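Everything on this sheet refers to the single structure shown next.
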Amino acid sequence: MPHSSLRHPLLRDACFRRFFLGRLLSLVGDAVIPSALALAVLRATGSASALALVLGCAMVPRLVLLPLGGVIADRFNPRIVALTTDLVRCAGQLFVGIELLSGKPELWQIAVAEAIGGAASAFAMPTLASLIVGIVGEKDRQAANSALAVVRSGTLAGGPALAGLLVLTAGPGWAFVLDAASFAVSAALLATLRLSRTTTPPEERRSLRSDLVEGWHEVRSRGWYWTSLVAHATWNGAAAVFATLGPAVAVKELGGDGAWIMIAQAGAVGLLLGSLLSGRARPRRPILTGNLVLTTYVLPLGLLALHAPAPAVAAAFGVALAGLGFFNPLWETAVQTAVPAAVLARVTSYDWLLSLAAMPLGYVLAPLAADAWGEATPLWIAAAAVGLACVATAGVPGVRRFTLNTPANAPDSEVSSPGRPRRPSAPRRTPADRPRR
């Protein structure tokens with residue numbers, strides 16, 4: 001992990017240590033769930049359609065409620081919002097675990113529990129950025145985001161193996177019990193946090209619609225932000241195309257199951273290495289650099305379309321996900337620095353909404369296009385879309401000019417120009433602590 005010395009303020013700070021431990025445990029718990037859920041539903045029903053139903057029940061409430069989650073996190077104490085959602089998700093996963101351990105799970109009960117968990121995550125996700133802002137000083141924020149990204153990457157890499165071990169030795173029910181326990185510990189740790197950097201919502205009472213409109217205005221007023229979101233949504237849609245068609249192409253054309261395992265593992269390693277590198281990198285133009293790095297996803301898409309040898313596709317996928325691992329902490333730090341704390345949750349909720357909505361679209365369209373024109377066509381279309389969308393952001397003045405000296409309350413028209421960085425304005429001070437993501 002970057003900045004791992006015991007002398008580093010991030011490790012000396014008890015508040016950050018508790019927050020980091022809570023995130024670590026909840027990410028480990030969450031990492032085992034996708035595989036455990038798939039195996040549990042397939043064991044109970046033997047139906048892929050039943051699994052799709054359960055996954056849809058978790059995804060739809062998350063997408064629908066994300067903007068509302070951003071409003072709630074901005075209106076109220078984000079630490080309390082995050083703590084409450086952890087308790088809700090703890091109860092939901094514990095219920096599913098008990099159902100599975102009983103030996104007679106009901107599909108509708110699992111679907112309802114996952115829907116409740118999906119709704120809770122819509123309120124939890126926008127709080128993370130506020131938590132980072134409330135816990136970590138500006139100069140250490142990129143290191144904190146990188147450390148969290150390293151943990152996220154590591155759990156994504158090890159989650160399937162841990163899930164397999166639990167399912168084969170103890171049964172899928174215990175994976176859900178583990179996830180419930182991780183949420184319980186995370187909630188307990190959040191309860192002990194005292195955030196030193198705080199903001200409060202405005203004193204006047206406003207309608208939900210006004211808050212949503214204000215959040216959207218904050219997104220639109222920053223050209224560097226909304227144009228980047230379009231590129232990121234395109235990247236996520238292309239990633240869904242790769243995830244949908246990649247296994248089939250690898251198995252049929254590149255050497256069987258082992259070829260896809262090699263490609264997936266290379267991606268996991270690349271993501272971890274990119275996250276580690278990001279903790280030390282300080283590019284002068286973080287948004288421009290990050291968006292251009294994301295164009296590396298063109299490589300695995302193109303090589304897969306060409307049926308290149310599996311090692312070549314694996315290497316390209318590793319490079320592409322290293323680019324993603326490098327990009328994420330840069331982006332999170334930039335947003336946390338440049339967006340006022342009073343609207344940060346709403347702004348990041350639109351980021352999550354566009355990113356998550358693009359992936360189901362890719363999952364649906366990729367097989368349809370493959371059936372109509374062959375697997376290479378949607379892969380080439382995805383590669384072209386990613387390349388064009390990410391490179392096009394370089395033509396946006398706000399993207400080219402953005403630096404971490406951009407004022408936290410400046411719209412796109414006031415982004416600092418090269419050679420004349422502006423000093424960040426002081427954050428708004430208020431009595432409420434606000435935790436995020």
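Within each chain, counting starts at residue 1; across the structure tokens, chains are named A, B, ... in the order shown, with ligands numbered 1 upward in that order.
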
Would you pick out the contacts of stretch 302-304 of chain A at 10 Å or less, using only C-alpha atoms, so that residues sharing its chain but fewer than 5 positions from it are not included, and give the list as a compact mmCIF listing (two decimals) with all heavy atoms, in the first residue's frame?
# COMPACT_ATOMS: atom_id res chain seq x y z
N PHE A 242 -17.48 -6.49 -22.78
CA PHE A 242 -16.35 -7.40 -22.62
C PHE A 242 -16.69 -8.53 -21.65
O PHE A 242 -16.38 -9.71 -21.91
CB PHE A 242 -15.14 -6.61 -22.11
CG PHE A 242 -13.86 -7.41 -22.09
CD1 PHE A 242 -13.04 -7.46 -23.21
CD2 PHE A 242 -13.47 -8.11 -20.96
CE1 PHE A 242 -11.87 -8.20 -23.20
CE2 PHE A 242 -12.30 -8.85 -20.94
CZ PHE A 242 -11.49 -8.89 -22.07
N LEU A 245 -19.31 -10.96 -23.52
CA LEU A 245 -18.84 -11.74 -24.67
C LEU A 245 -17.47 -12.38 -24.43
O LEU A 245 -17.13 -13.37 -25.08
CB LEU A 245 -18.77 -10.85 -25.91
CG LEU A 245 -20.08 -10.18 -26.33
CD1 LEU A 245 -19.87 -9.36 -27.60
CD2 LEU A 245 -21.17 -11.23 -26.56
N GLY A 246 -16.69 -11.82 -23.51
CA GLY A 246 -15.34 -12.32 -23.29
C GLY A 246 -15.27 -13.79 -22.94
O GLY A 246 -14.48 -14.53 -23.56
N VAL A 249 -16.02 -15.99 -26.10
CA VAL A 249 -14.95 -15.96 -27.10
C VAL A 249 -13.71 -16.70 -26.59
O VAL A 249 -13.08 -17.47 -27.33
CB VAL A 249 -14.59 -14.50 -27.45
CG1 VAL A 249 -13.38 -14.45 -28.38
CG2 VAL A 249 -15.77 -13.80 -28.10
N ALA A 250 -13.38 -16.50 -25.33
CA ALA A 250 -12.20 -17.16 -24.77
C ALA A 250 -12.34 -18.67 -24.78
O ALA A 250 -11.41 -19.40 -25.14
CB ALA A 250 -11.96 -16.67 -23.34
N GLU A 253 -12.64 -19.79 -28.76
CA GLU A 253 -11.60 -19.43 -29.72
C GLU A 253 -10.19 -19.35 -29.15
O GLU A 253 -9.22 -19.43 -29.91
CB GLU A 253 -11.93 -18.06 -30.36
CG GLU A 253 -13.33 -17.95 -30.95
CD GLU A 253 -13.49 -18.81 -32.20
OE1 GLU A 253 -12.46 -19.24 -32.77
OE2 GLU A 253 -14.64 -19.05 -32.61
N LEU A 254 -10.06 -19.17 -27.84
CA LEU A 254 -8.74 -18.88 -27.28
C LEU A 254 -8.16 -19.99 -26.41
O LEU A 254 -7.09 -19.81 -25.83
CB LEU A 254 -8.79 -17.57 -26.46
CG LEU A 254 -9.33 -16.34 -27.17
CD1 LEU A 254 -9.19 -15.11 -26.28
CD2 LEU A 254 -8.62 -16.10 -28.50
N TYR A 297 -8.55 0.68 -22.56
CA TYR A 297 -9.53 -0.41 -22.66
C TYR A 297 -9.79 -0.80 -24.12
O TYR A 297 -10.32 -1.89 -24.40
CB TYR A 297 -10.84 -0.01 -21.98
CG TYR A 297 -11.59 -1.20 -21.43
CD1 TYR A 297 -11.26 -1.72 -20.18
CD2 TYR A 297 -12.60 -1.83 -22.14
CE1 TYR A 297 -11.92 -2.82 -19.67
CE2 TYR A 297 -13.28 -2.93 -21.64
CZ TYR A 297 -12.92 -3.42 -20.41
OH TYR A 297 -13.58 -4.52 -19.90
N PRO A 309 -4.11 -14.35 -29.39
CA PRO A 309 -3.80 -15.38 -28.38
C PRO A 309 -4.18 -14.91 -26.97
O PRO A 309 -4.10 -13.72 -26.65
CB PRO A 309 -2.28 -15.56 -28.52
CG PRO A 309 -1.98 -15.12 -29.91
CD PRO A 309 -2.94 -14.02 -30.22
N ALA A 310 -4.57 -15.87 -26.16
CA ALA A 310 -5.04 -15.56 -24.81
C ALA A 310 -4.02 -14.75 -24.00
O ALA A 310 -4.40 -13.80 -23.30
CB ALA A 310 -5.41 -16.84 -24.07
N ALA A 312 -1.94 -12.53 -24.99
CA ALA A 312 -1.96 -11.14 -25.46
C ALA A 312 -3.21 -10.42 -24.94
O ALA A 312 -3.13 -9.26 -24.49
CB ALA A 312 -1.93 -11.09 -26.99
N VAL A 313 -4.35 -11.09 -24.98
CA VAL A 313 -5.59 -10.48 -24.47
C VAL A 313 -5.46 -10.26 -22.96
O VAL A 313 -5.87 -9.22 -22.44
CB VAL A 313 -6.80 -11.36 -24.79
CG1 VAL A 313 -8.08 -10.75 -24.19
CG2 VAL A 313 -6.96 -11.54 -26.30
N ALA A 314 -4.89 -11.24 -22.26
CA ALA A 314 -4.72 -11.11 -20.81
C ALA A 314 -3.82 -9.93 -20.47
O ALA A 314 -4.12 -9.15 -19.56
CB ALA A 314 -4.14 -12.41 -20.24
N ALA A 316 -3.25 -7.26 -22.27
CA ALA A 316 -3.95 -6.02 -22.60
C ALA A 316 -5.02 -5.71 -21.56
O ALA A 316 -5.21 -4.55 -21.17
CB ALA A 316 -4.58 -6.13 -23.99
N PHE A 317 -5.72 -6.74 -21.09
CA PHE A 317 -6.75 -6.53 -20.07
C PHE A 317 -6.12 -6.08 -18.76
O PHE A 317 -6.66 -5.23 -18.05
CB PHE A 317 -7.55 -7.82 -19.88
CG PHE A 317 -8.80 -7.65 -19.06
CD1 PHE A 317 -9.72 -6.66 -19.37
CD2 PHE A 317 -9.05 -8.48 -17.99
CE1 PHE A 317 -10.88 -6.51 -18.62
CE2 PHE A 317 -10.21 -8.35 -17.24
CZ PHE A 317 -11.12 -7.36 -17.55
N GLU A 375 -19.79 -11.89 -32.89
CA GLU A 375 -19.23 -11.35 -31.64
C GLU A 375 -18.24 -10.23 -31.86
O GLU A 375 -18.08 -9.33 -31.02
CB GLU A 375 -18.56 -12.48 -30.85
CG GLU A 375 -19.57 -13.48 -30.29
CD GLU A 375 -18.97 -14.83 -29.99
OE1 GLU A 375 -17.90 -15.14 -30.58
OE2 GLU A 375 -19.57 -15.58 -29.21
N ALA A 376 -17.54 -10.23 -33.00
CA ALA A 376 -16.52 -9.19 -33.23
C ALA A 376 -17.14 -7.80 -33.36
O ALA A 376 -16.55 -6.81 -32.91
CB ALA A 376 -15.71 -9.52 -34.48
N LEU A 379 -17.79 -5.89 -30.10
CA LEU A 379 -16.51 -5.61 -29.47
C LEU A 379 -15.81 -4.43 -30.16
O LEU A 379 -15.26 -3.54 -29.48
CB LEU A 379 -15.61 -6.85 -29.51
CG LEU A 379 -16.04 -8.01 -28.60
CD1 LEU A 379 -15.27 -9.28 -28.96
CD2 LEU A 379 -15.81 -7.65 -27.13
N TRP A 380 -15.86 -4.39 -31.50
CA TRP A 380 -15.26 -3.26 -32.22
C TRP A 380 -16.02 -1.96 -31.94
O TRP A 380 -15.42 -0.89 -31.79
CB TRP A 380 -15.22 -3.53 -33.72
CG TRP A 380 -14.12 -4.45 -34.16
CD1 TRP A 380 -14.25 -5.64 -34.82
CD2 TRP A 380 -12.72 -4.25 -33.99
NE1 TRP A 380 -13.04 -6.21 -35.06
CE2 TRP A 380 -12.06 -5.38 -34.57
CE3 TRP A 380 -11.94 -3.25 -33.40
CZ2 TRP A 380 -10.68 -5.50 -34.58
CZ3 TRP A 380 -10.56 -3.38 -33.41
CH2 TRP A 380 -9.94 -4.48 -33.98
N ILE A 381 -17.35 -2.06 -31.87
CA ILE A 381 -18.15 -0.86 -31.58
C ILE A 381 -17.81 -0.33 -30.19
O ILE A 381 -17.63 0.88 -29.99
CB ILE A 381 -19.66 -1.18 -31.69
CG1 ILE A 381 -20.03 -1.45 -33.15
CG2 ILE A 381 -20.50 -0.04 -31.13
CD1 ILE A 381 -21.45 -1.96 -33.34
N ALA A 382 -17.69 -1.25 -29.22
CA ALA A 382 -17.35 -0.83 -27.85
C ALA A 382 -15.97 -0.19 -27.81
O ALA A 382 -15.76 0.83 -27.14
CB ALA A 382 -17.42 -2.04 -26.91
N ALA A 383 -15.01 -0.78 -28.54
CA ALA A 383 -13.65 -0.22 -28.56
C ALA A 383 -13.65 1.18 -29.16
O ALA A 383 -13.02 2.11 -28.61
CB ALA A 383 -12.72 -1.14 -29.37
N ALA A 384 -14.36 1.36 -30.26
CA ALA A 384 -14.42 2.68 -30.89
C ALA A 384 -15.09 3.70 -29.98
O ALA A 384 -14.64 4.85 -29.87
CB ALA A 384 -15.17 2.58 -32.22

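Look at stretch 350-364 of chain A: the protein and nucleic acid residues within 9 Å of it, using only C-alpha atoms and passing over chain neighbours fewer than 6 places away, are Met59, Arg62, Leu63, Val64, Leu66, Pro67, Gly70, Met125, Pro126, Gly215, Trp216, Val219, Trp226, Leu229, Val230, His232, Ala233, Thr234, Trp235, Asn236, Gly237, Ala238, Ala239, Ala240, Val241, Phe242, Ala243 and Thr244 of chain A.
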
I'd like the contact shell of A:Ser228 - 10 Å cut-off, only C-alpha atoms, skipping same-chain residues fewer than 6 positions apart - returned as a PyMOL selection string. chain A and resi 222+234+287-288+290-291+331+351+389-390+392-394+396+399

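If you measure from each of A:Ala163, A:Leu24, A:Leu65, A:Val269 to A:Leu37 using only C-alpha atoms, the closest one turns out to be A:Ala163.
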
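The list of residues with at least one atom within 10 Å of A:Trp108, based on only C-alpha atoms and without residues fewer than 5 positions apart in the same chain, reads A:Ala50, A:Leu53, A:Val54, A:Ala113, A:Glu114.
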
Can you pull out every residue within 9 Å of A:Leu162, counting only C-alpha atoms, but drop anything in the same chain fewer than 3 positions away, and send it as a PyMOL selection string? chain A and resi 31-32+158-159+165-167+175

Would you output that residue set with N, CA and C atoms, as a PDB file, in the first residue's frame?
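The resulting part_16.pdb:
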ATOM      1  N   ALA A  31     -17.373  -8.943  -1.233  1.00  0.00           N
ATOM      2  CA  ALA A  31     -16.674  -9.615  -2.331  1.00  0.00           C
ATOM      3  C   ALA A  31     -17.110 -11.064  -2.497  1.00  0.00           C
ATOM      4  N   VAL A  32     -17.553 -11.690  -1.424  1.00  0.00           N
ATOM      5  CA  VAL A  32     -17.940 -13.099  -1.526  1.00  0.00           C
ATOM      6  C   VAL A  32     -19.376 -13.266  -1.997  1.00  0.00           C
ATOM      7  N   GLY A 158      -9.663 -11.483  -4.564  1.00  0.00           N
ATOM      8  CA  GLY A 158      -9.733 -12.651  -3.694  1.00  0.00           C
ATOM      9  C   GLY A 158     -11.125 -13.100  -3.339  1.00  0.00           C
ATOM     10  N   GLY A 159     -12.135 -12.251  -3.625  1.00  0.00           N
ATOM     11  CA  GLY A 159     -13.504 -12.576  -3.231  1.00  0.00           C
ATOM     12  C   GLY A 159     -14.038 -13.883  -3.788  1.00  0.00           C
ATOM     13  N   LEU A 165     -14.437 -21.164  -1.284  1.00  0.00           N
ATOM     14  CA  LEU A 165     -14.023 -21.904  -0.090  1.00  0.00           C
ATOM     15  C   LEU A 165     -15.181 -22.022   0.902  1.00  0.00           C
ATOM     16  N   LEU A 166     -15.890 -20.913   1.136  1.00  0.00           N
ATOM     17  CA  LEU A 166     -17.008 -20.933   2.081  1.00  0.00           C
ATOM     18  C   LEU A 166     -18.136 -21.830   1.585  1.00  0.00           C
ATOM     19  N   VAL A 167     -18.460 -21.690   0.301  1.00  0.00           N
ATOM     20  CA  VAL A 167     -19.581 -22.465  -0.249  1.00  0.00           C
ATOM     21  C   VAL A 167     -19.270 -23.958  -0.212  1.00  0.00           C
ATOM     22  N   ALA A 175     -21.647 -17.500   3.843  1.00  0.00           N
ATOM     23  CA  ALA A 175     -21.100 -16.322   3.166  1.00  0.00           C
ATOM     24  C   ALA A 175     -21.951 -15.092   3.477  1.00  0.00           C
TER      25      ALA A 175
END

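Between atom CA of A:Ser275 and atom CA of A:Asn328 there is a distance of 7.8 Å.
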
Do a neighbour search on A:Val28 at 8 Å with only C-alpha atoms, toss out local chain neighbours closer than 6 positions, and write the hits as an MDAnalysis selection string. chainID A and resid 155 159 179 182

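Minimum atom-to-atom distance to A:Leu87, evaluated using only C-alpha atoms, belongs to A:Gly117 out of A:Gly117, A:Pro397, A:Pro61, A:Gly325.
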
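For the pair atom CA of A:Gly134 and atom CA of A:Arg280, the interatomic distance is 22.0 Å.
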
A:Ala187 environment, 12 Å, only C-alpha atoms, sequence neighbours closer than 3 positions dropped, as a ChimeraX atom specification: /A:18-19,21-23,25-26,79-91,124,180-184,190-193

The selected residues should be written to file as a short mmCIF file (atom, residue, chain, number, x, y, z; two decimals), in the first residue's frame (atoms: N, CA, C and O atoms).
data_model
loop_
_atom_site.label_atom_id
_atom_site.label_comp_id
_atom_site.auth_asym_id
_atom_site.auth_seq_id
_atom_site.Cartn_x
_atom_site.Cartn_y
_atom_site.Cartn_z
N ARG A 18 -10.10 3.57 11.97
CA ARG A 18 -11.38 2.90 12.21
C ARG A 18 -12.23 2.88 10.94
O ARG A 18 -12.86 1.86 10.61
N PHE A 19 -12.24 4.00 10.23
CA PHE A 19 -12.99 4.05 8.98
C PHE A 19 -12.44 3.05 7.98
O PHE A 19 -13.19 2.31 7.32
N LEU A 21 -10.71 0.31 8.55
CA LEU A 21 -10.99 -1.07 8.96
C LEU A 21 -12.43 -1.44 8.64
O LEU A 21 -12.70 -2.55 8.15
N GLY A 22 -13.36 -0.51 8.88
CA GLY A 22 -14.76 -0.79 8.56
C GLY A 22 -14.96 -1.04 7.08
O GLY A 22 -15.67 -1.96 6.68
N ARG A 23 -14.31 -0.20 6.24
CA ARG A 23 -14.42 -0.39 4.80
C ARG A 23 -13.80 -1.72 4.37
O ARG A 23 -14.34 -2.43 3.53
N LEU A 25 -13.49 -4.54 6.08
CA LEU A 25 -14.33 -5.67 6.45
C LEU A 25 -15.57 -5.76 5.58
O LEU A 25 -15.96 -6.84 5.14
N SER A 26 -16.21 -4.61 5.33
CA SER A 26 -17.43 -4.66 4.52
C SER A 26 -17.12 -5.02 3.08
O SER A 26 -17.90 -5.73 2.42
N ARG A 79 -22.66 10.45 8.23
CA ARG A 79 -22.20 9.35 9.08
C ARG A 79 -23.40 8.54 9.58
O ARG A 79 -23.37 7.30 9.59
N ILE A 80 -24.46 9.23 9.97
CA ILE A 80 -25.66 8.54 10.44
C ILE A 80 -26.33 7.79 9.29
O ILE A 80 -26.83 6.67 9.46
N VAL A 81 -26.34 8.41 8.11
CA VAL A 81 -26.92 7.74 6.94
C VAL A 81 -26.16 6.46 6.64
O VAL A 81 -26.75 5.38 6.44
N ALA A 82 -24.83 6.54 6.62
CA ALA A 82 -24.01 5.36 6.33
C ALA A 82 -24.19 4.29 7.39
O ALA A 82 -24.30 3.09 7.08
N LEU A 83 -24.23 4.70 8.64
CA LEU A 83 -24.39 3.75 9.74
C LEU A 83 -25.75 3.03 9.63
O LEU A 83 -25.84 1.80 9.78
N THR A 84 -26.80 3.80 9.35
CA THR A 84 -28.14 3.22 9.23
C THR A 84 -28.22 2.22 8.09
O THR A 84 -28.78 1.12 8.21
N THR A 85 -27.63 2.58 6.94
CA THR A 85 -27.68 1.66 5.80
C THR A 85 -26.87 0.39 6.08
O THR A 85 -27.24 -0.69 5.61
N ASP A 86 -25.78 0.51 6.83
CA ASP A 86 -25.03 -0.69 7.21
C ASP A 86 -25.90 -1.63 8.05
O ASP A 86 -25.86 -2.86 7.86
N LEU A 87 -26.66 -1.07 8.97
CA LEU A 87 -27.52 -1.90 9.82
C LEU A 87 -28.63 -2.56 9.00
O LEU A 87 -28.97 -3.73 9.22
N VAL A 88 -29.20 -1.81 8.05
CA VAL A 88 -30.24 -2.39 7.18
C VAL A 88 -29.67 -3.53 6.36
O VAL A 88 -30.27 -4.61 6.25
N ARG A 89 -28.50 -3.30 5.78
CA ARG A 89 -27.90 -4.36 4.96
C ARG A 89 -27.45 -5.54 5.81
O ARG A 89 -27.52 -6.69 5.36
N CYS A 90 -27.03 -5.28 7.03
CA CYS A 90 -26.69 -6.37 7.95
C CYS A 90 -27.91 -7.26 8.18
O CYS A 90 -27.82 -8.50 8.08
N ALA A 91 -29.06 -6.64 8.44
CA ALA A 91 -30.28 -7.41 8.70
C ALA A 91 -30.69 -8.20 7.46
O ALA A 91 -31.08 -9.37 7.56
N ALA A 124 -26.25 4.55 0.75
CA ALA A 124 -24.90 4.44 1.31
C ALA A 124 -23.83 4.95 0.35
O ALA A 124 -22.87 5.62 0.77
N ALA A 180 -23.11 -10.12 6.68
CA ALA A 180 -23.89 -9.44 7.72
C ALA A 180 -22.99 -9.01 8.88
O ALA A 180 -23.12 -7.88 9.39
N ALA A 181 -22.09 -9.88 9.29
CA ALA A 181 -21.17 -9.54 10.38
C ALA A 181 -20.28 -8.36 9.99
O ALA A 181 -20.00 -7.47 10.82
N SER A 182 -19.84 -8.32 8.74
CA SER A 182 -18.97 -7.22 8.30
C SER A 182 -19.73 -5.89 8.35
O SER A 182 -19.16 -4.85 8.73
N PHE A 183 -21.00 -5.90 7.98
CA PHE A 183 -21.80 -4.67 8.06
C PHE A 183 -22.01 -4.25 9.52
O PHE A 183 -22.02 -3.06 9.84
N ALA A 184 -22.20 -5.22 10.39
CA ALA A 184 -22.39 -4.90 11.82
C ALA A 184 -21.15 -4.23 12.39
O ALA A 184 -21.23 -3.23 13.12
N LEU A 190 -18.35 3.07 12.51
CA LEU A 190 -18.87 4.39 12.12
C LEU A 190 -19.43 5.14 13.33
O LEU A 190 -19.32 6.36 13.42
N ALA A 191 -20.02 4.40 14.27
CA ALA A 191 -20.60 5.04 15.45
C ALA A 191 -19.53 5.73 16.29
O ALA A 191 -19.84 6.65 17.05
N THR A 192 -18.27 5.31 16.16
CA THR A 192 -17.20 5.90 16.99
C THR A 192 -16.52 7.08 16.31
O THR A 192 -15.69 7.74 16.93
N LEU A 193 -16.84 7.33 15.02
CA LEU A 193 -16.14 8.39 14.29
C LEU A 193 -16.59 9.77 14.75
O LEU A 193 -17.78 9.99 15.00
#

Can you pull out every residue from stretch 126-298 of chain A that DSSP, working from the backbone, puts in helix (DSSP H, G or I), and format the result as a PyMOL selection string? chain A and resi 127-135+138-169+172-191+208-220+223-253+257-278+286-298

Between A:Val177, A:Ala369, A:Cys57, A:Ala188, smallest distance to A:Ile33 by only C-alpha atoms belongs to A:Val177

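Proximity to A:Asn77 was assessed for A:Ala120, A:Ala308, A:Leu131, A:Leu271 counting only C-alpha atoms; the smallest distance is recorded for A:Leu131.
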
Contact check, stretch 259-368 of chain A to stretch 135-138 of chain A, at most 10 Å, counting only C-alpha atoms, closest pairs as CSV:
residue,atom,partner,partner_atom,distance
A:Thr333,CA,A:Glu138,CA,8.6
A:Gln336,CA,A:Glu138,CA,8.7
A:Thr337,CA,A:Glu138,CA,7.1

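Between atom CA of A:His307 and atom CA of A:Ala322 lies a distance of 21.9 Å.
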